[in-house]
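> Pasting entry28.pdb below, which is PDB, C-alpha atoms and all ligand atoms.
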MODEL        1
ATOM      1  CA  MET B   1      -6.693 -25.469   5.067
ATOM      2  CA  ARG B   2      -4.656 -22.322   4.457
ATOM      3  CA  SER B   3      -1.290 -21.526   2.920
ATOM      4  CA  PHE B   4       0.238 -18.214   3.853
ATOM      5  CA  THR B   5       3.274 -16.191   2.998
ATOM      6  CA  THR B   6       4.842 -12.889   3.958
ATOM      7  CA  LEU B   7       6.290 -10.073   1.852
ATOM      8  CA  ASN B   8       8.326  -7.047   2.920
ATOM      9  CA  LEU B   9       7.617  -3.680   1.354
ATOM     10  CA  GLN B  10       9.752  -0.636   2.043
ATOM     11  CA  TYR B  11       7.983   2.592   1.239
ATOM     12  CA  ALA B  12       7.716   6.273   2.058
ATOM     13  CA  HIS B  13       4.450   8.084   2.637
ATOM     14  CA  ARG B  14       2.718  10.620   4.788
ATOM     15  CA  PHE B  15      -0.803  11.291   6.036
ATOM     16  CA  TYR B  16      -1.691  14.504   4.265
ATOM     17  CA  GLY B  17      -3.834  16.720   6.503
ATOM     18  CA  PHE B  18      -3.300  14.520   9.584
ATOM     19  CA  LYS B  19      -2.494  16.432  12.754
ATOM     20  CA  GLY B  20       0.159  14.056  14.151
ATOM     21  CA  GLU B  21       3.817  13.556  13.187
ATOM     22  CA  ALA B  22       2.716  11.308  10.320
ATOM     23  CA  GLN B  23       1.867  14.442   8.300
ATOM     24  CA  TYR B  24       5.616  14.597   7.577
ATOM     25  CA  LEU B  25       7.168  12.390   4.926
ATOM     26  CA  HIS B  26       8.649   9.238   6.506
ATOM     27  CA  GLY B  27       9.352   5.615   5.694
ATOM     28  CA  HIS B  28       8.452   2.098   6.810
ATOM     29  CA  THR B  29       9.165  -1.542   6.246
ATOM     30  CA  GLY B  30       5.672  -2.940   5.870
ATOM     31  CA  ILE B  31       5.046  -6.644   6.372
ATOM     32  CA  LEU B  32       2.214  -8.093   4.354
ATOM     33  CA  THR B  33       0.825 -11.545   5.131
ATOM     34  CA  LEU B  34      -1.419 -13.161   2.548
ATOM     35  CA  GLU B  35      -3.488 -16.205   3.466
ATOM     36  CA  VAL B  36      -4.948 -18.348   0.721
ATOM     37  CA  ALA B  37      -7.483 -21.096   1.429
ATOM     38  CA  ASP B  38      -8.619 -24.181  -0.407
ATOM     39  CA  THR B  39      -8.698 -27.923   0.068
ATOM     40  CA  VAL B  40      -5.327 -29.645   0.195
ATOM     41  CA  SER B  41      -4.549 -30.554  -3.403
ATOM     42  CA  PRO B  42      -4.023 -34.353  -3.331
ATOM     43  CA  GLY B  43      -1.329 -34.402  -6.010
ATOM     44  CA  VAL B  44       1.107 -32.080  -4.276
ATOM     45  CA  ASN B  45      -0.305 -32.259  -0.701
ATOM     46  CA  MET B  46      -0.529 -28.483  -0.328
ATOM     47  CA  VAL B  47      -3.179 -25.795  -0.621
ATOM     48  CA  PHE B  48      -1.056 -23.602  -2.865
ATOM     49  CA  PRO B  49       2.731 -23.386  -3.259
ATOM     50  CA  CYS B  50       3.840 -20.390  -1.173
ATOM     51  CA  ASN B  51       6.539 -19.403  -3.655
ATOM     52  CA  GLU B  52       3.777 -19.084  -6.251
ATOM     53  CA  ILE B  53       1.734 -16.864  -3.899
ATOM     54  CA  GLN B  54       4.893 -14.761  -3.493
ATOM     55  CA  LYS B  55       5.518 -14.610  -7.223
ATOM     56  CA  THR B  56       1.930 -13.653  -8.087
ATOM     57  CA  ALA B  57       1.769 -11.020  -5.348
ATOM     58  CA  TRP B  58       5.266  -9.603  -5.916
ATOM     59  CA  GLU B  59       4.620  -9.130  -9.639
ATOM     60  CA  VAL B  60       2.142  -6.379  -8.736
ATOM     61  CA  LEU B  61       3.244  -5.326  -5.255
ATOM     62  CA  GLN B  62       6.899  -4.668  -6.103
ATOM     63  CA  ASN B  63       5.553  -1.337  -7.337
ATOM     64  CA  PHE B  64       5.151  -0.412  -3.640
ATOM     65  CA  ASP B  65       8.694  -1.421  -2.692
ATOM     66  CA  HIS B  66      11.247   1.394  -2.523
ATOM     67  CA  ALA B  67       8.389   3.583  -3.663
ATOM     68  CA  LEU B  68       6.733   6.787  -2.626
ATOM     69  CA  VAL B  69       3.023   6.498  -1.854
ATOM     70  CA  LEU B  70       1.077   9.756  -1.927
ATOM     71  CA  ARG B  71      -2.600  10.633  -1.899
ATOM     72  CA  GLU B  72      -3.872  12.115  -5.167
ATOM     73  CA  ASP B  73      -4.636  15.523  -3.612
ATOM     74  CA  ASP B  74      -1.310  15.837  -1.740
ATOM     75  CA  PRO B  75       0.542  18.985  -2.916
ATOM     76  CA  LEU B  76       3.828  17.096  -2.459
ATOM     77  CA  LEU B  77       2.902  15.111  -5.550
ATOM     78  CA  PRO B  78       3.376  17.866  -8.185
ATOM     79  CA  ALA B  79       6.377  19.181  -6.231
ATOM     80  CA  ILE B  80       8.158  15.824  -6.278
ATOM     81  CA  LEU B  81       7.282  15.122  -9.906
ATOM     82  CA  SER B  82       8.749  18.492 -10.821
ATOM     83  CA  VAL B  83      12.044  17.640  -9.079
ATOM     84  CA  TYR B  84      12.120  14.212 -10.782
ATOM     85  CA  GLU B  85      11.455  15.938 -14.095
ATOM     86  CA  THR B  86      14.290  18.451 -13.618
ATOM     87  CA  GLN B  87      16.586  15.599 -12.650
ATOM     88  CA  GLY B  88      15.541  13.601 -15.692
ATOM     89  CA  ILE B  89      14.333  10.590 -13.685
ATOM     90  CA  LYS B  90      10.565  11.081 -13.924
ATOM     91  CA  ASP B  91      10.173   8.706 -16.851
ATOM     92  CA  GLY B  92      12.684   6.179 -15.630
ATOM     93  CA  ALA B  93      16.361   5.712 -14.916
ATOM     94  CA  PRO B  94      18.731   2.931 -16.025
ATOM     95  CA  THR B  95      19.133   1.846 -12.391
ATOM     96  CA  ASN B  96      15.383   1.587 -11.790
ATOM     97  CA  LYS B  97      14.938  -2.032 -12.794
ATOM     98  CA  GLN B  98      12.567  -3.434 -10.204
ATOM     99  CA  LYS B  99       9.339  -2.606 -11.965
ATOM    100  CA  GLY B 100       6.059  -4.477 -12.021
ATOM    101  CA  PRO B 101       3.455  -3.768 -14.675
ATOM    102  CA  ALA B 102       1.773  -0.386 -14.141
ATOM    103  CA  PHE B 103      -1.681  -0.764 -12.627
ATOM    104  CA  LYS B 104      -4.715   1.426 -12.106
ATOM    105  CA  THR B 105      -7.584   0.510  -9.814
ATOM    106  CA  GLU B 106     -10.303   2.531  -8.145
ATOM    107  CA  LEU B 107      -7.975   2.973  -5.145
ATOM    108  CA  ALA B 108      -4.459   3.254  -6.522
ATOM    109  CA  THR B 109      -2.406   3.992  -9.631
ATOM    110  CA  ALA B 110       1.193   2.801  -9.966
ATOM    111  CA  TYR B 111       3.852   4.679 -11.920
ATOM    112  CA  PRO B 112       6.713   2.166 -11.838
ATOM    113  CA  GLU B 113       9.004   4.359 -13.982
ATOM    114  CA  CYS B 114       9.403   6.807 -11.100
ATOM    115  CA  ARG B 115       8.564   4.440  -8.223
ATOM    116  CA  LEU B 116       5.408   6.257  -7.275
ATOM    117  CA  VAL B 117       1.955   5.044  -6.252
ATOM    118  CA  VAL B 118      -0.861   7.572  -6.126
ATOM    119  CA  THR B 119      -3.755   6.608  -3.870
ATOM    120  CA  LYS B 120      -7.330   7.801  -3.569
ATOM    121  CA  GLU B 121      -7.351   7.477   0.230
ATOM    122  CA  THR B 122      -4.620   7.998   2.823
ATOM    123  CA  MET B 123      -2.308   4.968   2.752
ATOM    124  CA  THR B 124      -2.774   3.655   6.280
ATOM    125  CA  VAL B 125      -2.325  -0.066   7.029
ATOM    126  CA  GLU B 126      -6.093  -0.401   6.567
ATOM    127  CA  GLY B 127      -5.884   1.459   3.251
ATOM    128  CA  MET B 128      -3.081  -0.820   2.055
ATOM    129  CA  ILE B 129      -5.169  -3.926   2.790
ATOM    130  CA  LYS B 130      -8.019  -2.578   0.639
ATOM    131  CA  ILE B 131      -5.601  -1.813  -2.204
ATOM    132  CA  VAL B 132      -3.892  -5.229  -2.031
ATOM    133  CA  TYR B 133      -7.179  -7.150  -1.967
ATOM    134  CA  ASP B 134      -8.391  -5.244  -4.999
ATOM    135  CA  LEU B 135      -5.181  -6.031  -6.893
ATOM    136  CA  LEU B 136      -5.000  -9.732  -6.044
ATOM    137  CA  LYS B 137      -8.556 -10.985  -5.457
ATOM    138  CA  ASP B 138      -8.888 -12.394  -8.977
ATOM    139  CA  LYS B 139      -5.457 -14.032  -8.916
ATOM    140  CA  LEU B 140      -5.493 -15.821  -5.543
ATOM    141  CA  ASN B 141      -8.162 -17.322  -3.235
ATOM    142  CA  ILE B 142      -7.396 -14.773  -0.514
ATOM    143  CA  VAL B 143      -9.150 -15.331   2.832
ATOM    144  CA  LYS B 144      -7.105 -13.011   5.004
ATOM    145  CA  ILE B 145      -4.711 -10.092   4.598
ATOM    146  CA  THR B 146      -2.644  -8.703   7.463
ATOM    147  CA  PHE B 147      -0.447  -5.643   7.122
ATOM    148  CA  THR B 148       1.874  -4.245   9.771
ATOM    149  CA  SER B 149       4.010  -1.156   9.524
ATOM    150  CA  GLY B 150       5.939  -0.097  12.605
ATOM    151  CA  VAL B 151       3.526  -0.257  15.543
ATOM    152  CA  ASN B 152       0.498  -0.140  13.241
ATOM    153  CA  GLY B 153      -1.290  -3.281  12.151
ATOM    154  CA  ALA B 154      -4.589  -4.239  10.556
ATOM    155  CA  THR B 155      -6.157  -7.446   9.379
ATOM    156  CA  GLN B 156      -9.169  -8.342   7.270
ATOM    157  CA  GLU B 157     -10.808 -11.690   6.505
ATOM    158  CA  TYR B 158     -12.672 -12.427   3.277
ATOM    159  CA  GLY B 159     -15.265 -15.010   2.291
ATOM    160  CA  GLN B 160     -15.546 -18.546   3.564
ATOM    161  CA  GLU B 161     -12.877 -21.171   3.464
ATOM    162  CA  GLY B 162     -13.490 -23.930   0.978
ATOM    163  CA  GLN B 163     -15.874 -21.852  -1.125
ATOM    164  CA  HIS B 164     -13.320 -20.825  -3.680
ATOM    165  CA  GLU B 165     -12.278 -24.184  -5.018
ATOM    166  CA  LYS B 166     -10.613 -23.872  -8.380
ATOM    167  CA  ASP B 167      -8.750 -26.511 -10.377
ATOM    168  CA  ARG B 168      -5.090 -26.706  -9.481
ATOM    169  CA  CYS B 169      -2.300 -28.628 -11.166
ATOM    170  CA  PRO B 170      -1.783 -32.039  -9.494
ATOM    171  CA  LEU B 171       1.940 -31.815 -10.309
ATOM    172  CA  CYS B 172       2.862 -28.323  -9.117
ATOM    173  CA  GLY B 173      -0.220 -27.073  -7.287
ATOM    174  CA  ILE B 174      -0.793 -23.781  -9.090
ATOM    175  CA  LEU B 175      -4.096 -22.667 -10.637
ATOM    176  CA  LEU B 176      -4.863 -24.097 -14.064
ATOM    177  CA  LYS B 177      -5.508 -21.655 -16.871
ATOM    178  CA  GLU B 178      -8.607 -21.763 -19.087
ATOM    179  CA  GLY B 179      -8.872 -25.114 -20.825
ATOM    180  CA  GLY B 180      -7.363 -26.859 -17.788
ATOM    181  CA  VAL B 181      -3.730 -26.283 -18.743
ATOM    182  CA  CYS B 182      -0.990 -25.674 -16.168
ATOM    183  CA  PRO B 183       0.917 -22.494 -17.084
ATOM    184  CA  LYS B 184       4.035 -23.826 -15.332
ATOM    185  CA  CYS B 185       4.496 -27.472 -16.298
ATOM    186  CA  GLY B 186       2.037 -27.873 -19.189
ATOM    187  CA  TYR B 187      -0.144 -30.491 -17.434
ATOM    188  CA  LYS B 188      -3.562 -30.788 -19.087
ATOM    189  CA  LYS B 189      -6.639 -31.851 -17.157
TER     190      LYS B 189
HETATM  191 ZN    ZN M 201       3.718   5.988   8.274
HETATM  192 ZN    ZN M 202       1.810 -27.909 -13.226
ENDMDL
END
Give the structure from this file in C-alpha cells form.
Ligand SMILES: [Zn+2]
Ligand SMILES: [Zn+2]

Amino acid sequence: MRSFTTLNLQYAHRFYGFKGEAQYLHGHTGILTLEVADTVSPGVNMVFPCNEIQKTAWEVLQNFDHALVLREDDPLLPAILSVYETQGIKDGAPTNKQKGPAFKTELATAYPECRLVVTKETMTVEGMIKIVYDLLKDKLNIVKITFTSGVNGATQEYGQEGQHEKDRCPLCGILLKEGGVCPKCGYKK
C-alpha cells in the first residue's frame, strides 16, 4: 500500500535562454506530492506516518521555499549575489530563520543563508522531480513523485511496490536506525 503527502513550495525562477515569457523572473506555488510504499506495518496499521514523510522531506526541501532557483550559468546569479552582498544579506539575515541544512548534489546546490538554490539544469517541474528524488531517495521508500506549478505538472514512478521493505517501529511506524533502534520513541527490535 502507499502513504502520500503534499508539500507547498513557493519559489522564484526563470528559464534562462527559453524563448517564451518564462525567460523572465517569476514566481510559483509548487505542489509536491510524495508517495511512499511498503507493507502496512502491523503495529501502527500504516505504511508510514505522513507527518514523518513531511518532516523528513521538509528538512531538506524548505531550502526551496521562499527561495530563488537559478541555473548555474544564468547571468542573473552573479548580479543578484552582488545586490545581496551590497545589502549585507548574502551571508544571512536575522529574519532568515527557515533554513534547512545546506546540500549539494549532482543537480542542485542550496545556499540557505541567502535563500538560493543553484541548479545544473533548468528548474522545470520535471527538473524539480529529479532533484527531489536525488535528495530523498535514501531517506524514504519513494515510489512516485508528482510536482505541479501553475498549469505545469509532471509525475514519475520509481521501482516496484513492496520491494523496499525496511524495518519500521511497531509503535510509531518510522524507519528504525542501525541496530534496530527507533530514533523517535527508543523502541529496540
Ligand atoms: Zn515558472
Ligand atoms: Zn518508535
> Just so the selection is clear, what residues does the PyMOL selection byres (((chain B and resi 144) around 10) and not hetatm) cover here, as a ChimeraX atom specification?
/B:2,4,33-37,129,133,141-143,145-146,155-159
> Go ahead and compute the interatomic distance for CA of Gly100 (chain B) and CA of Glu178 (chain B), in Å to one decimal.
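Answer for the CA of Gly100 (chain B) to CA of Glu178 (chain B) separation: 23.7 Å.
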> Out of B:Cys172, B:Leu61, B:Val47, B:Leu68, which residue has the shortest atom-to-atom distance to Leu32 (chain B) when counting only C-alpha atoms?
B:Leu61
> May I ask which of the residues B:Gln87, B:Gln98, B:Ser41, B:Thr29 is the closest one to ligand ZN 202 (chain M), counting only C-alpha atoms and all ligand atoms?
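That would be B:Ser41, the residue with the smallest distance to ligand ZN 202 (chain M).
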> Can you work out which residues are within 12 Å of ligand ZN 201 (chain M), considering all atoms listed in the file, and then hand them over as a CSV table (one decimal) with C-alpha atoms, in the frame of the given file?

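Produced file selection14.csv, reproduced below:
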chain,number,residue,atom,x,y,z
B,10,GLN,CA,9.8,-0.6,2.0
B,11,TYR,CA,8.0,2.6,1.2
B,12,ALA,CA,7.7,6.3,2.1
B,13,HIS,CA,4.4,8.1,2.6
B,14,ARG,CA,2.7,10.6,4.8
B,15,PHE,CA,-0.8,11.3,6.0
B,16,TYR,CA,-1.7,14.5,4.3
B,18,PHE,CA,-3.3,14.5,9.6
B,20,GLY,CA,0.2,14.1,14.2
B,21,GLU,CA,3.8,13.6,13.2
B,22,ALA,CA,2.7,11.3,10.3
B,23,GLN,CA,1.9,14.4,8.3
B,24,TYR,CA,5.6,14.6,7.6
B,25,LEU,CA,7.2,12.4,4.9
B,26,HIS,CA,8.6,9.2,6.5
B,27,GLY,CA,9.4,5.6,5.7
B,28,HIS,CA,8.5,2.1,6.8
B,29,THR,CA,9.2,-1.5,6.2
B,30,GLY,CA,5.7,-2.9,5.9
B,68,LEU,CA,6.7,6.8,-2.6
B,69,VAL,CA,3.0,6.5,-1.9
B,70,LEU,CA,1.1,9.8,-1.9
B,122,THR,CA,-4.6,8.0,2.8
B,123,MET,CA,-2.3,5.0,2.8
B,124,THR,CA,-2.8,3.7,6.3
B,125,VAL,CA,-2.3,-0.1,7.0
B,126,GLU,CA,-6.1,-0.4,6.6
B,127,GLY,CA,-5.9,1.5,3.3
B,128,MET,CA,-3.1,-0.8,2.1
B,148,THR,CA,1.9,-4.2,9.8
B,149,SER,CA,4.0,-1.2,9.5
B,150,GLY,CA,5.9,-0.1,12.6
B,151,VAL,CA,3.5,-0.3,15.5
B,152,ASN,CA,0.5,-0.1,13.2
B,153,GLY,CA,-1.3,-3.3,12.2
> May I ask which of the residues B:Val118, B:Leu171, B:Val181, B:Ile31 is the closest one to ligand ZN 202 (chain M), counting only C-alpha atoms and all ligand atoms?
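So, comparing all the options, the nearest one is B:Leu171.
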> Using all atoms listed in the file, I'd like a table of the residues in chain B that come within 9 Å of ligand ZN 202 (chain M); for each, show the closest atom pair and its distance in Å rounded to one decimal, ordered by chain and ascending number, as CSV.

residue,atom,partner,partner_atom,distance
B:Arg168,CA,M:ZN202,ZN,7.9
B:Cys169,CA,M:ZN202,ZN,4.7
B:Pro170,CA,M:ZN202,ZN,6.6
B:Leu171,CA,M:ZN202,ZN,4.9
B:Cys172,CA,M:ZN202,ZN,4.3
B:Gly173,CA,M:ZN202,ZN,6.3
B:Ile174,CA,M:ZN202,ZN,6.4
B:Leu175,CA,M:ZN202,ZN,8.3
B:Leu176,CA,M:ZN202,ZN,7.7
B:Val181,CA,M:ZN202,ZN,8.0
B:Cys182,CA,M:ZN202,ZN,4.6
B:Pro183,CA,M:ZN202,ZN,6.7
B:Lys184,CA,M:ZN202,ZN,5.1
B:Cys185,CA,M:ZN202,ZN,4.1
B:Gly186,CA,M:ZN202,ZN,6.0
B:Tyr187,CA,M:ZN202,ZN,5.3
B:Lys188,CA,M:ZN202,ZN,8.5
> Please provide the set of residues having any atom within 9 Å of Asp91 (chain B), restricted to all atoms listed in the file, with same-chain residues fewer than 2 positions apart removed, written as JSON, numbers by chain.
{"B": [84, 85, 88, 89, 93, 111, 112, 113, 114]}
> Decode the PyMOL selection byres (((chain B and resi 56) around 12) and not hetatm) for the given file into explicit residues and return them as a ChimeraX atom specification.
/B:5,7,34,48-55,57-62,100-101,132,135-141,174-175
> Between CA of Leu9 (chain B) and CA of Ile131 (chain B), measure the distance and give it in Å to one decimal.
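A separation of 13.8 Å between them.
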> Given 3 Å of margin on each side, can you work out the centre and size in Å (one decimal) of an axis-aligned box holding every listed atom of region 120-133 of chain B, as JSON?

{"center_x": -5.2, "center_y": 0.4, "center_z": 1.7, "size_x": 11.7, "size_y": 21.1, "size_z": 16.6}
> Go through B:Lys166, B:Lys130, B:Lys90, B:Pro75 and flag the residue nearest Ala108 (chain B), using all atoms listed in the file for the distances.
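The shortest atom-to-atom distance to Ala108 (chain B) comes from B:Lys130.
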> Quick check, in Å to one decimal: how far apart do CA of Lys120 (chain B) and CA of Leu107 (chain B) lie?
5.1 Å
> Pick from B:Gly17, B:Lys97, B:Thr6, B:Val40: nearest to Glu121 (chain B), with only C-alpha atoms counted?
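The answer is B:Gly17, which sits nearest to Glu121 (chain B).
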> What's the 6 Å shell around Ala67 (chain B), counting all atoms listed in the file, without same-chain residues fewer than 2 positions away, as an MDAnalysis selection string?
chainID B and resid 11 64:65 115:116
> Taking only C-alpha atoms into account, which of B:Thr86, B:Met46, B:Phe103, B:Met1 comes nearest Thr119 (chain B)?
B:Phe103
